[in-house]
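Raw structure_5.cif, mmCIF, C-alpha atoms:
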```cif
data_target
loop_
_atom_site.label_atom_id
_atom_site.label_comp_id
_atom_site.auth_asym_id
_atom_site.auth_seq_id
_atom_site.Cartn_x
_atom_site.Cartn_y
_atom_site.Cartn_z
CA MET A 1 14.35 -3.28 -18.06
CA LYS A 2 12.50 -5.30 -20.68
CA ALA A 3 10.63 -7.26 -18.00
CA GLY A 4 9.23 -4.10 -16.44
CA LEU A 5 8.17 -2.67 -19.79
CA LEU A 6 6.44 -5.95 -20.65
CA VAL A 7 4.52 -5.83 -17.37
CA VAL A 8 3.35 -2.27 -17.91
CA SER A 9 2.47 -2.98 -21.55
CA PHE A 10 0.35 -5.91 -20.41
CA VAL A 11 -1.42 -3.70 -17.87
CA LEU A 12 -2.20 -1.02 -20.45
CA PHE A 13 -3.33 -3.64 -22.97
CA CYS A 14 -5.68 -5.20 -20.43
CA GLY A 15 -6.94 -1.77 -19.41
CA VAL A 16 -7.97 -1.00 -22.98
CA SER A 17 -9.13 -4.47 -23.97
CA PHE A 18 -11.20 -5.24 -20.89
CA ALA A 19 -12.41 -1.80 -19.82
CA GLN A 20 -15.95 -2.64 -20.88
CA ASP A 21 -16.00 -6.23 -19.67
CA THR A 22 -19.06 -7.32 -17.77
CA PRO A 23 -19.03 -9.95 -15.02
CA THR A 24 -19.27 -13.48 -16.36
CA GLN A 25 -21.37 -16.31 -15.01
CA ASP A 26 -19.95 -18.46 -12.25
CA ASP A 27 -17.22 -20.81 -13.43
CA TRP A 28 -14.41 -22.78 -11.85
CA LEU A 29 -12.43 -19.65 -10.95
CA ASP A 30 -15.43 -17.96 -9.34
CA GLN A 31 -16.21 -21.13 -7.40
CA LYS A 32 -12.67 -21.35 -6.03
CA HIS A 33 -12.82 -17.69 -5.03
CA HIS A 34 -16.18 -18.29 -3.32
CA ASP A 35 -14.84 -21.37 -1.49
CA THR A 36 -11.83 -19.41 -0.26
CA ARG A 37 -13.99 -16.55 1.03
CA ARG A 38 -16.29 -19.03 2.79
CA TRP A 39 -13.29 -20.70 4.46
CA LEU A 40 -11.97 -17.30 5.56
CA GLY A 41 -15.38 -16.45 7.03
CA LYS A 42 -15.47 -19.71 8.99
CA THR A 43 -11.94 -19.13 10.28
CA ALA A 44 -12.82 -15.59 11.40
CA HIS A 45 -15.95 -16.89 13.15
CA TYR A 46 -13.89 -19.58 14.90
CA ILE A 47 -11.37 -17.04 16.21
CA ASP A 48 -14.16 -14.65 17.23
CA ASP A 49 -15.71 -17.45 19.28
CA TRP A 50 -12.59 -17.55 21.45
CA PHE A 51 -13.44 -14.16 22.94
CA GLY A 52 -17.19 -14.43 23.44
CA LYS A 53 -20.49 -15.48 21.94
CA PRO A 54 -20.66 -14.38 18.27
CA ASN A 55 -23.63 -12.32 17.12
CA PRO A 56 -25.19 -13.89 13.98
CA ASP A 57 -26.38 -10.42 12.89
CA GLU A 58 -22.79 -9.13 13.03
CA PRO A 59 -20.47 -11.96 12.02
CA ALA A 60 -16.70 -11.83 12.09
CA ARG A 61 -15.09 -10.96 8.77
CA ALA A 62 -11.78 -11.70 7.11
CA THR A 63 -10.30 -9.99 4.04
CA VAL A 64 -7.14 -11.00 2.21
CA ARG A 65 -5.10 -9.23 -0.47
CA VAL A 66 -2.67 -11.35 -2.50
CA MET A 67 -0.28 -9.44 -4.78
CA LEU A 68 2.55 -10.03 -7.20
CA ASP A 69 4.69 -6.88 -7.61
CA VAL A 70 7.36 -6.33 -10.27
CA HIS A 71 9.83 -3.39 -10.11
CA ASP A 72 12.33 -2.64 -12.83
CA ASP A 73 14.75 0.06 -14.04
CA LYS A 74 18.11 0.09 -15.80
CA TYR A 75 20.14 0.68 -12.62
CA ASN A 76 18.60 -2.12 -10.52
CA ASN A 77 17.80 -5.77 -11.05
CA THR A 78 14.23 -6.68 -11.87
CA ALA A 79 12.58 -7.33 -8.50
CA ILE A 80 9.64 -9.73 -8.17
CA LYS A 81 7.86 -9.65 -4.82
CA PRO A 82 4.87 -11.79 -3.83
CA ARG A 83 2.96 -10.07 -1.00
CA ILE A 84 -0.01 -10.87 1.19
CA ARG A 85 -2.03 -8.88 3.72
CA ALA A 86 -4.92 -10.32 5.73
CA LYS A 87 -7.23 -8.65 8.26
CA ILE A 88 -9.69 -10.33 10.62
CA LYS A 89 -12.36 -8.25 12.41
CA LEU A 90 -13.66 -9.60 15.72
CA PRO A 91 -17.08 -8.14 16.67
CA THR A 92 -17.15 -9.85 20.08
CA LEU A 93 -14.44 -7.39 21.09
CA GLU A 94 -16.66 -4.48 19.99
CA ASP A 95 -14.79 -4.22 16.67
CA ARG A 96 -11.83 -2.76 18.53
CA LEU A 97 -9.42 -5.64 18.01
CA ASN A 98 -8.28 -6.86 14.60
CA VAL A 99 -5.79 -9.55 13.69
CA LEU A 100 -3.42 -8.65 10.84
CA ILE A 101 -1.20 -11.06 8.93
CA GLY A 102 1.33 -10.46 6.18
CA ASP A 103 3.46 -7.58 4.90
CA ASP A 104 2.78 -4.71 7.33
CA ARG A 105 4.54 -2.19 5.06
CA LEU A 106 1.47 -2.23 2.84
CA ASP A 107 -0.29 -0.18 5.52
CA ASN A 108 2.00 2.75 4.70
CA GLU A 109 1.52 2.58 0.94
CA GLN A 110 -0.85 5.19 -0.43
CA GLY A 111 -0.67 5.27 -4.18
CA GLY A 112 1.58 4.12 -6.99
CA GLY A 113 4.13 1.40 -6.38
CA ILE A 114 7.10 3.49 -7.52
CA HIS A 115 6.86 6.17 -4.83
CA ASN A 116 4.95 4.61 -1.96
CA ASP A 117 5.52 6.29 1.42
CA GLY A 118 7.75 8.80 -0.33
CA ARG A 119 10.60 6.49 -1.28
CA LEU A 120 11.63 4.89 -4.54
CA HIS A 121 11.87 1.13 -4.51
CA PRO A 122 15.14 -0.17 -3.00
CA GLU A 123 17.71 -2.16 -4.90
CA GLN A 124 17.31 -5.93 -4.62
CA GLU A 125 20.28 -8.22 -5.18
CA HIS A 126 18.27 -11.04 -6.76
CA THR A 127 15.22 -11.02 -8.99
CA PHE A 128 13.34 -13.09 -6.43
CA ASP A 129 14.55 -13.27 -2.84
CA ARG A 130 12.76 -16.24 -1.28
CA GLN A 131 14.04 -15.67 2.26
CA GLN A 132 13.20 -11.97 2.23
CA SER A 133 9.71 -12.67 0.90
CA ARG A 134 9.15 -15.17 3.68
CA ARG A 135 10.26 -12.65 6.30
CA ASP A 136 8.12 -9.87 4.80
CA ASN A 137 4.93 -11.94 4.65
CA THR A 138 5.08 -13.63 8.05
CA SER A 139 4.25 -10.54 10.09
CA LEU A 140 1.51 -11.02 12.70
CA ALA A 141 -0.08 -8.23 14.74
CA LEU A 142 -3.00 -7.36 16.99
CA ARG A 143 -4.53 -3.95 16.29
CA TRP A 144 -6.62 -1.91 18.71
CA SER A 145 -8.77 0.51 16.70
CA ARG A 146 -11.60 3.00 16.97
CA PHE A 147 -9.92 5.16 19.57
CA LYS A 148 -11.11 8.71 18.93
CA ASP A 149 -10.84 11.68 21.24
CA ASP A 150 -12.71 15.01 21.30
CA VAL A 151 -10.61 16.53 18.51
CA GLY A 152 -11.56 13.73 16.13
CA ILE A 153 -8.22 11.92 15.79
CA GLN A 154 -8.59 8.31 14.71
CA THR A 155 -5.95 6.15 16.40
CA ASP A 156 -4.71 2.59 15.87
CA ILE A 157 -2.20 0.72 18.02
CA ASP A 158 -0.47 -2.44 16.77
CA LEU A 159 1.53 -4.99 18.71
CA GLY A 160 3.21 -7.31 16.26
CA LEU A 161 5.99 -9.65 15.25
CA ARG A 162 7.81 -9.42 11.89
CA SER A 163 10.28 -12.26 11.53
CA SER A 164 12.23 -11.93 14.82
CA ASP A 165 11.45 -8.22 15.20
CA VAL A 166 8.87 -7.48 17.91
CA TYR A 167 7.34 -4.07 17.26
CA LEU A 168 4.84 -1.53 18.54
CA ARG A 169 3.17 0.72 15.97
CA TRP A 170 1.01 3.80 16.59
CA ARG A 171 -0.99 5.64 13.93
CA GLY A 172 -3.05 8.81 14.31
CA GLU A 173 -5.14 10.39 11.56
CA LYS A 174 -7.04 13.68 11.37
CA ARG A 175 -9.30 14.71 8.46
CA TRP A 176 -10.96 18.06 7.83
CA THR A 177 -12.71 20.03 5.07
CA MET A 178 -12.25 23.68 4.13
CA LYS A 179 -14.72 24.88 1.49
CA ASN A 180 -13.91 22.75 -1.55
CA THR A 181 -10.65 21.30 -0.22
CA GLY A 182 -10.19 18.24 1.95
CA GLY A 183 -7.21 17.78 4.24
CA ARG A 184 -5.65 14.79 5.96
CA PHE A 185 -2.73 14.50 8.35
CA GLU A 186 -1.39 11.13 9.40
CA GLN A 187 1.40 10.30 11.80
CA VAL A 188 2.87 6.80 12.08
CA TYR A 189 5.49 5.79 14.63
CA ARG A 190 6.92 2.29 14.82
CA TYR A 191 9.53 0.88 17.17
CA GLY A 192 10.97 -2.58 16.71
CA THR A 193 13.42 -4.46 18.88
CA LYS A 194 15.66 -4.92 15.81
CA SER A 195 14.42 -2.37 13.28
CA GLU A 196 14.29 0.36 15.98
CA HIS A 197 12.75 3.76 15.15
CA TYR A 198 10.60 4.57 12.11
CA ALA A 199 8.31 7.60 11.77
CA LEU A 200 6.23 8.66 8.77
CA SER A 201 4.38 11.99 8.60
CA THR A 202 1.88 12.54 5.77
CA LEU A 203 0.08 15.78 4.88
CA GLU A 204 -2.42 15.51 2.04
CA PHE A 205 -4.83 17.90 0.33
CA ASP A 206 -7.42 17.06 -2.30
CA GLN A 207 -9.65 19.32 -4.36
CA PRO A 208 -12.34 17.87 -6.65
CA LYS A 209 -12.32 19.48 -10.09
CA SER A 210 -15.23 17.48 -11.50
CA THR A 211 -17.15 14.30 -10.73
CA HIS A 212 -14.30 12.27 -12.26
CA ARG A 213 -11.18 14.35 -11.57
CA THR A 214 -9.40 15.34 -8.35
CA LEU A 215 -6.27 17.46 -7.85
CA MET A 216 -4.10 16.15 -5.02
CA ASN A 217 -0.91 17.07 -3.20
CA ARG A 218 0.82 14.69 -0.80
CA THR A 219 3.89 15.42 1.32
CA HIS A 220 5.89 12.83 3.28
CA VAL A 221 8.58 13.22 5.93
CA ILE A 222 10.33 9.99 6.93
CA TYR A 223 12.60 9.51 9.96
CA THR A 224 14.60 6.37 10.76
CA ASN A 225 17.08 5.68 13.53
CA LYS A 226 18.91 2.38 13.76
CA ASP A 227 22.18 1.72 15.56
CA HIS A 228 22.37 5.48 16.31
CA GLN A 229 22.31 6.23 12.57
CA GLU A 230 19.65 8.86 11.85
CA ASP A 231 18.15 9.52 8.42
CA ILE A 232 15.48 12.05 7.51
CA GLY A 233 13.94 12.27 4.07
CA TRP A 234 11.13 14.19 2.43
CA SER A 235 9.05 13.88 -0.71
CA ASN A 236 6.17 15.65 -2.41
CA SER A 237 3.77 14.46 -5.11
CA LEU A 238 1.48 16.85 -6.99
CA TYR A 239 -0.89 14.92 -9.23
CA GLN A 240 -4.32 14.60 -10.75
CA GLN A 241 -6.42 11.49 -10.34
CA HIS A 242 -9.18 10.50 -12.75
CA HIS A 243 -11.65 7.78 -11.82
CA TRP A 244 -14.50 6.20 -13.75
CA GLN A 245 -17.07 3.55 -12.96
CA ILE A 246 -16.96 0.51 -15.23
CA PRO A 247 -19.06 -2.69 -15.05
CA LEU A 248 -16.50 -4.44 -12.84
CA GLY A 249 -15.76 -1.53 -10.47
CA THR A 250 -13.61 1.61 -10.57
CA ARG A 251 -10.87 2.47 -13.05
CA SER A 252 -8.31 5.11 -11.97
CA PHE A 253 -5.60 7.01 -13.84
CA SER A 254 -3.14 9.38 -12.15
CA TYR A 255 -0.30 11.55 -13.42
CA GLY A 256 1.89 14.11 -11.72
CA LEU A 257 5.31 15.25 -10.54
CA TYR A 258 7.39 13.70 -7.78
CA ALA A 259 10.27 15.35 -5.87
CA GLY A 260 12.26 14.15 -2.90
CA GLY A 261 15.47 14.54 -0.95
CA ASP A 262 17.28 14.42 2.37
CA ILE A 263 17.22 16.65 5.43
CA ALA A 264 19.88 17.67 7.96
CA ASP A 265 22.85 16.08 6.22
CA GLU A 266 25.30 18.63 4.90
CA HIS A 267 27.04 16.07 2.72
CA LYS A 268 23.93 15.24 0.67
CA SER A 269 21.74 17.26 -1.61
CA ASN A 270 18.51 18.42 -0.02
CA PHE A 271 16.87 18.14 -3.43
CA ASN A 272 17.88 14.75 -4.75
CA THR A 273 15.19 13.22 -6.97
CA TYR A 274 12.49 14.60 -9.25
CA GLY A 275 10.47 13.64 -12.31
CA PRO A 276 7.02 12.84 -13.74
CA TYR A 277 5.06 9.62 -13.30
CA VAL A 278 1.79 8.02 -14.40
CA SER A 279 -0.24 5.28 -12.70
CA TYR A 280 -3.17 3.17 -13.91
CA ARG A 281 -5.34 0.66 -12.01
CA GLN A 282 -8.56 -1.22 -12.70
CA PRO A 283 -10.31 -4.56 -12.13
CA ILE A 284 -10.20 -7.08 -14.98
CA TRP A 285 -12.30 -10.16 -15.71
CA ARG A 286 -13.62 -10.23 -12.14
CA LYS A 287 -14.52 -7.64 -9.50
CA TRP A 288 -11.89 -9.11 -7.19
CA LEU A 289 -8.97 -9.22 -9.68
CA PHE A 290 -6.95 -6.03 -10.29
CA ILE A 291 -4.04 -4.87 -12.40
CA GLN A 292 -1.89 -1.79 -11.84
CA GLY A 293 0.93 -0.28 -13.85
CA ASP A 294 3.16 2.71 -13.01
CA VAL A 295 5.85 4.43 -15.06
CA GLY A 296 8.21 7.06 -13.63
CA TYR A 297 11.06 9.10 -15.06
CA TYR A 298 13.37 9.95 -12.15
CA ASN A 299 16.97 10.81 -11.39
CA ASN A 300 19.11 10.31 -8.26
CA LYS A 301 21.82 12.91 -7.64
CA ASP A 302 23.32 11.11 -4.64
CA ASP A 303 23.92 7.94 -6.69
CA ASN A 304 24.91 9.83 -9.87
CA LYS A 305 21.94 8.38 -11.76
CA ASP A 306 20.51 10.43 -14.61
CA HIS A 307 16.82 10.54 -15.41
CA HIS A 308 15.69 7.05 -16.38
CA ILE A 309 12.46 5.09 -16.75
CA SER A 310 11.27 3.10 -13.72
CA THR A 311 8.37 0.68 -14.04
CA PHE A 312 6.09 -1.06 -11.60
CA GLY A 313 3.39 -3.67 -12.23
CA ARG A 314 0.99 -5.39 -9.86
CA LEU A 315 -1.49 -8.22 -10.16
CA GLU A 316 -3.79 -8.34 -7.13
CA MET A 317 -6.55 -10.65 -5.92
CA VAL A 318 -8.92 -9.65 -3.12
CA PHE A 319 -10.77 -12.28 -1.07
#
```

Represent the structure from my file as structure tokens, please.
Amino acid sequence: MKAGLLVVSFVLFCGVSFAQDTPTQDDWLDQKHHDTRRWLGKTAHYIDDWFGKPNPDEPARATVRVMLDVHDDKYNNTAIKPRIRAKIKLPTLEDRLNVLIGDDRLDNEQGGGIHNDGRLHPEQEHTFDRQQSRRDNTSLALRWSRFKDDVGIQTDIDLGLRSSDVYLRWRGEKRWTMKNTGGRFEQVYRYGTKSEHYALSTLEFDQPKSTHRTLMNRTHVIYTNKDHQEDIGWSNSLYQQHHWQIPLGTRSFSYGLYAGGDIADEHKSNFNTYGPYVSYRQPIWRKWLFIQGDVGYYNNKDDNKDHHISTFGRLEMVF
């Protein structure tokens, strides 16, 4: 538990100490970041050239996120997870085909690290699982995007490989606005030859309260089916998000209440987990370097766990 608290303390210290930092002049670190981005651009251009003649006015682009996540609470071991997610856009294919590399679960994460996609972080046997990290970060997929029909549903289709699991993933998203409230519904369905069925439904509403504050409510329903074992879970987060512009980018601070449980299983509580949480994120030192810290205070009735502090920290670089 001490490791997680140290991570969050570091995040909060950096958030206060470097909130007013301004970008520094180019140095060795900036040069290495620039060299990496240039290499990524050349690689994207090379791949784009496979499919047609590249347009110099619309070059291929590659973006990469590199993260180090730390989860900790008193009931589970401290879990350290290096993660990577890369995306390559190919204009010669009319921007409809993207290549994605790395941990595909990041596509389902929409917020704080403690309660992403409506689930608390799973128990990990070892602090750092090298083999699992290798499997998680070696996913490769082709994504067909920009499909939109008359009702305005944005659709993506992925064909990918995660370790030895070949999968097909479909995502549909619909956004709308009603007076001062925005709405979003997203449906994800994934089928893998080994992981089998996974479905995630997300319903989200946001209402701006000022130029820097937004009230949000997000509901998840998760369905999994593997080896004829079905599980359905739900969660809801009601929170406020504050965001401010600082010299290096955007600083955000969120706080709210989380609740979750199970569905259609008479032997489990339908209302299993609840508690408050806070989340903080901002760039530090550079526009492409971010820190994030989350603290939650949750219980778990099914596992006979009382309310306890859960912590999450992330250091992220964007290329």

Quiz item: Leaving out Ile84 (chain A) and any residue of its chain fewer than 4 positions from it, which residues lie within 6 Å of it when counting only C-alpha atoms, given as a ChimeraX atom specification?
Solution: /A:65-66,102

Those selected residues, please, written with C-alpha atoms and delivered as a short mmCIF file (atom, residue, chain, number, x, y, z; two decimals), in the frame of the given file.
```cif
data_model
loop_
_atom_site.label_atom_id
_atom_site.label_comp_id
_atom_site.auth_asym_id
_atom_site.auth_seq_id
_atom_site.Cartn_x
_atom_site.Cartn_y
_atom_site.Cartn_z
CA ARG A 65 -5.10 -9.23 -0.47
CA VAL A 66 -2.67 -11.35 -2.50
CA GLY A 102 1.33 -10.46 6.18
#
```

Practice problem: Mind listing whatever residues come within 12 Å of the point (-7.8, 12.1, 8.1)? Use all atoms listed in the file, file coordinates, and give them as a ChimeraX atom specification. | Solution: /A:148,151-155,171-177,182-187,202-206

Since we have the selection now, will you write its residues out, keeping C-alpha atoms, as an mmCIF file, in the frame of the given file?
```cif
data_model
loop_
_atom_site.group_PDB
_atom_site.id
_atom_site.type_symbol
_atom_site.label_atom_id
_atom_site.label_comp_id
_atom_site.auth_asym_id
_atom_site.auth_seq_id
_atom_site.Cartn_x
_atom_site.Cartn_y
_atom_site.Cartn_z
ATOM 1 C CA LYS A 148 -11.110 8.710 18.930
ATOM 2 C CA VAL A 151 -10.610 16.530 18.510
ATOM 3 C CA GLY A 152 -11.560 13.730 16.130
ATOM 4 C CA ILE A 153 -8.220 11.920 15.790
ATOM 5 C CA GLN A 154 -8.590 8.310 14.710
ATOM 6 C CA THR A 155 -5.950 6.150 16.400
ATOM 7 C CA ARG A 171 -0.990 5.640 13.930
ATOM 8 C CA GLY A 172 -3.050 8.810 14.310
ATOM 9 C CA GLU A 173 -5.140 10.390 11.560
ATOM 10 C CA LYS A 174 -7.040 13.680 11.370
ATOM 11 C CA ARG A 175 -9.300 14.710 8.460
ATOM 12 C CA TRP A 176 -10.960 18.060 7.830
ATOM 13 C CA THR A 177 -12.710 20.030 5.070
ATOM 14 C CA GLY A 182 -10.190 18.240 1.950
ATOM 15 C CA GLY A 183 -7.210 17.780 4.240
ATOM 16 C CA ARG A 184 -5.650 14.790 5.960
ATOM 17 C CA PHE A 185 -2.730 14.500 8.350
ATOM 18 C CA GLU A 186 -1.390 11.130 9.400
ATOM 19 C CA GLN A 187 1.400 10.300 11.800
ATOM 20 C CA THR A 202 1.880 12.540 5.770
ATOM 21 C CA LEU A 203 0.080 15.780 4.880
ATOM 22 C CA GLU A 204 -2.420 15.510 2.040
ATOM 23 C CA PHE A 205 -4.830 17.900 0.330
ATOM 24 C CA ASP A 206 -7.420 17.060 -2.300
#
```

Quiz prompt | Atomic separation - CA of Ser163 (chain A) relative to CA of Ser133 (chain A), Å | solution =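 If I compute the distance from CA of Ser133 (chain A) to CA of Ser163 (chain A), I get 10.7 Å.
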
Self-check item: Tyr255 (chain A) surroundings by all atoms listed in the file, 12 Å radius, close-in-sequence under 6 positions cut, as a count of residues only
Solution: 24

Quiz item: Which is closer to Gly192 (chain A) than all the others in A:Asp27, A:Asp158, A:Asp35, A:Asp103, using only C-alpha atoms?
Solution: A:Asp158

Quiz item: Counting only C-alpha atoms, which of A:Gln282, A:Asn270, A:Asn55, A:Gln31 gets nearest to Ile246 (chain A)?
Solution: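 Residue with the minimum atom-to-atom distance to Ile246 (chain A): A:Gln282.
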
Exercise. Mind giving me the straight-line distance from CA of Asp231 (chain A) to CA of Thr273 (chain A) in Å, one decimal?
Key: 16.1 Å

Exercise. Pull out every residue that the PyMOL selection byres ((chain A and resi 98) around 12) matches in the shown coordinates and put them as a PyMOL selection string.
Key: chain A and resi 44+47-48+60-63+86-97+99-101+140-146+156-160

Quiz item: Between CA of Leu257 (chain A) and CA of Asn76 (chain A), what is the spacing in Å?
Solution: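 Straight-line distance from CA of Asn76 (chain A) to CA of Leu257 (chain A) works out to 21.9 Å.
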
Mind completing region 24-45 of chain A with N, CA, C and O atoms? Output as a PDB file, in the frame of the given file, please?
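result-v2.pdb was written with the following content:
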```
ATOM      1  N   THR A  24     -18.833 -12.247 -15.732  1.00  0.00           N
ATOM      2  CA  THR A  24     -19.270 -13.480 -16.360  1.00  0.00           C
ATOM      3  C   THR A  24     -20.023 -14.348 -15.369  1.00  0.00           C
ATOM      4  O   THR A  24     -20.033 -14.093 -14.169  1.00  0.00           O
ATOM      5  N   GLN A  25     -20.670 -15.389 -15.882  1.00  0.00           N
ATOM      6  CA  GLN A  25     -21.370 -16.310 -15.010  1.00  0.00           C
ATOM      7  C   GLN A  25     -20.355 -17.092 -14.199  1.00  0.00           C
ATOM      8  O   GLN A  25     -19.174 -17.176 -14.533  1.00  0.00           O
ATOM      9  N   ASP A  26     -20.836 -17.692 -13.112  1.00  0.00           N
ATOM     10  CA  ASP A  26     -19.950 -18.460 -12.250  1.00  0.00           C
ATOM     11  C   ASP A  26     -19.254 -19.551 -13.051  1.00  0.00           C
ATOM     12  O   ASP A  26     -19.864 -20.257 -13.847  1.00  0.00           O
ATOM     13  N   ASP A  27     -17.961 -19.715 -12.833  1.00  0.00           N
ATOM     14  CA  ASP A  27     -17.220 -20.810 -13.430  1.00  0.00           C
ATOM     15  C   ASP A  27     -16.275 -21.359 -12.365  1.00  0.00           C
ATOM     16  O   ASP A  27     -16.414 -21.062 -11.174  1.00  0.00           O
ATOM     17  N   TRP A  28     -15.313 -22.140 -12.799  1.00  0.00           N
ATOM     18  CA  TRP A  28     -14.410 -22.780 -11.850  1.00  0.00           C
ATOM     19  C   TRP A  28     -13.663 -21.744 -11.021  1.00  0.00           C
ATOM     20  O   TRP A  28     -13.511 -21.908  -9.811  1.00  0.00           O
ATOM     21  N   LEU A  29     -13.184 -20.665 -11.659  1.00  0.00           N
ATOM     22  CA  LEU A  29     -12.430 -19.650 -10.950  1.00  0.00           C
ATOM     23  C   LEU A  29     -13.288 -18.934  -9.908  1.00  0.00           C
ATOM     24  O   LEU A  29     -12.851 -18.704  -8.775  1.00  0.00           O
ATOM     25  N   ASP A  30     -14.524 -18.599 -10.290  1.00  0.00           N
ATOM     26  CA  ASP A  30     -15.430 -17.960  -9.340  1.00  0.00           C
ATOM     27  C   ASP A  30     -15.744 -18.886  -8.166  1.00  0.00           C
ATOM     28  O   ASP A  30     -15.860 -18.444  -7.020  1.00  0.00           O
ATOM     29  N   GLN A  31     -15.894 -20.173  -8.461  1.00  0.00           N
ATOM     30  CA  GLN A  31     -16.210 -21.130  -7.400  1.00  0.00           C
ATOM     31  C   GLN A  31     -15.061 -21.251  -6.408  1.00  0.00           C
ATOM     32  O   GLN A  31     -15.277 -21.293  -5.191  1.00  0.00           O
ATOM     33  N   LYS A  32     -13.822 -21.283  -6.917  1.00  0.00           N
ATOM     34  CA  LYS A  32     -12.670 -21.350  -6.030  1.00  0.00           C
ATOM     35  C   LYS A  32     -12.565 -20.089  -5.177  1.00  0.00           C
ATOM     36  O   LYS A  32     -12.232 -20.152  -3.985  1.00  0.00           O
ATOM     37  N   HIS A  33     -12.846 -18.946  -5.788  1.00  0.00           N
ATOM     38  CA  HIS A  33     -12.820 -17.690  -5.030  1.00  0.00           C
ATOM     39  C   HIS A  33     -13.896 -17.704  -3.952  1.00  0.00           C
ATOM     40  O   HIS A  33     -13.653 -17.289  -2.812  1.00  0.00           O
ATOM     41  N   HIS A  34     -15.086 -18.199  -4.292  1.00  0.00           N
ATOM     42  CA  HIS A  34     -16.180 -18.290  -3.320  1.00  0.00           C
ATOM     43  C   HIS A  34     -15.825 -19.250  -2.182  1.00  0.00           C
ATOM     44  O   HIS A  34     -16.079 -18.951  -1.003  1.00  0.00           O
ATOM     45  N   ASP A  35     -15.226 -20.400  -2.520  1.00  0.00           N
ATOM     46  CA  ASP A  35     -14.840 -21.370  -1.490  1.00  0.00           C
ATOM     47  C   ASP A  35     -13.804 -20.790  -0.544  1.00  0.00           C
ATOM     48  O   ASP A  35     -13.856 -21.024   0.681  1.00  0.00           O
ATOM     49  N   THR A  36     -12.858 -20.022  -1.097  1.00  0.00           N
ATOM     50  CA  THR A  36     -11.830 -19.410  -0.260  1.00  0.00           C
ATOM     51  C   THR A  36     -12.443 -18.387   0.691  1.00  0.00           C
ATOM     52  O   THR A  36     -12.111 -18.338   1.882  1.00  0.00           O
ATOM     53  N   ARG A  37     -13.340 -17.544   0.184  1.00  0.00           N
ATOM     54  CA  ARG A  37     -13.990 -16.550   1.030  1.00  0.00           C
ATOM     55  C   ARG A  37     -14.818 -17.220   2.124  1.00  0.00           C
ATOM     56  O   ARG A  37     -14.856 -16.739   3.264  1.00  0.00           O
ATOM     57  N   ARG A  38     -15.491 -18.317   1.786  1.00  0.00           N
ATOM     58  CA  ARG A  38     -16.290 -19.030   2.790  1.00  0.00           C
ATOM     59  C   ARG A  38     -15.385 -19.616   3.875  1.00  0.00           C
ATOM     60  O   ARG A  38     -15.712 -19.550   5.072  1.00  0.00           O
ATOM     61  N   TRP A  39     -14.230 -20.170   3.477  1.00  0.00           N
ATOM     62  CA  TRP A  39     -13.290 -20.700   4.460  1.00  0.00           C
ATOM     63  C   TRP A  39     -12.747 -19.582   5.350  1.00  0.00           C
ATOM     64  O   TRP A  39     -12.601 -19.769   6.570  1.00  0.00           O
ATOM     65  N   LEU A  40     -12.452 -18.423   4.763  1.00  0.00           N
ATOM     66  CA  LEU A  40     -11.970 -17.300   5.560  1.00  0.00           C
ATOM     67  C   LEU A  40     -13.028 -16.846   6.563  1.00  0.00           C
ATOM     68  O   LEU A  40     -12.716 -16.513   7.706  1.00  0.00           O
ATOM     69  N   GLY A  41     -14.301 -16.835   6.120  1.00  0.00           N
ATOM     70  CA  GLY A  41     -15.380 -16.450   7.030  1.00  0.00           C
ATOM     71  C   GLY A  41     -15.509 -17.419   8.202  1.00  0.00           C
ATOM     72  O   GLY A  41     -15.707 -16.999   9.347  1.00  0.00           O
ATOM     73  N   LYS A  42     -15.396 -18.712   7.926  1.00  0.00           N
ATOM     74  CA  LYS A  42     -15.470 -19.710   8.990  1.00  0.00           C
ATOM     75  C   LYS A  42     -14.304 -19.567   9.967  1.00  0.00           C
ATOM     76  O   LYS A  42     -14.476 -19.694  11.186  1.00  0.00           O
ATOM     77  N   THR A  43     -13.113 -19.305   9.416  1.00  0.00           N
ATOM     78  CA  THR A  43     -11.940 -19.130  10.280  1.00  0.00           C
ATOM     79  C   THR A  43     -12.096 -17.907  11.168  1.00  0.00           C
ATOM     80  O   THR A  43     -11.781 -17.944  12.366  1.00  0.00           O
ATOM     81  N   ALA A  44     -12.593 -16.801  10.606  1.00  0.00           N
ATOM     82  CA  ALA A  44     -12.820 -15.590  11.400  1.00  0.00           C
ATOM     83  C   ALA A  44     -13.844 -15.846  12.495  1.00  0.00           C
ATOM     84  O   ALA A  44     -13.691 -15.395  13.642  1.00  0.00           O
ATOM     85  N   HIS A  45     -14.914 -16.563  12.161  1.00  0.00           N
ATOM     86  CA  HIS A  45     -15.950 -16.890  13.150  1.00  0.00           C
ATOM     87  C   HIS A  45     -15.364 -17.750  14.272  1.00  0.00           C
ATOM     88  O   HIS A  45     -15.676 -17.556  15.458  1.00  0.00           O
TER      89      HIS A  45
END
```
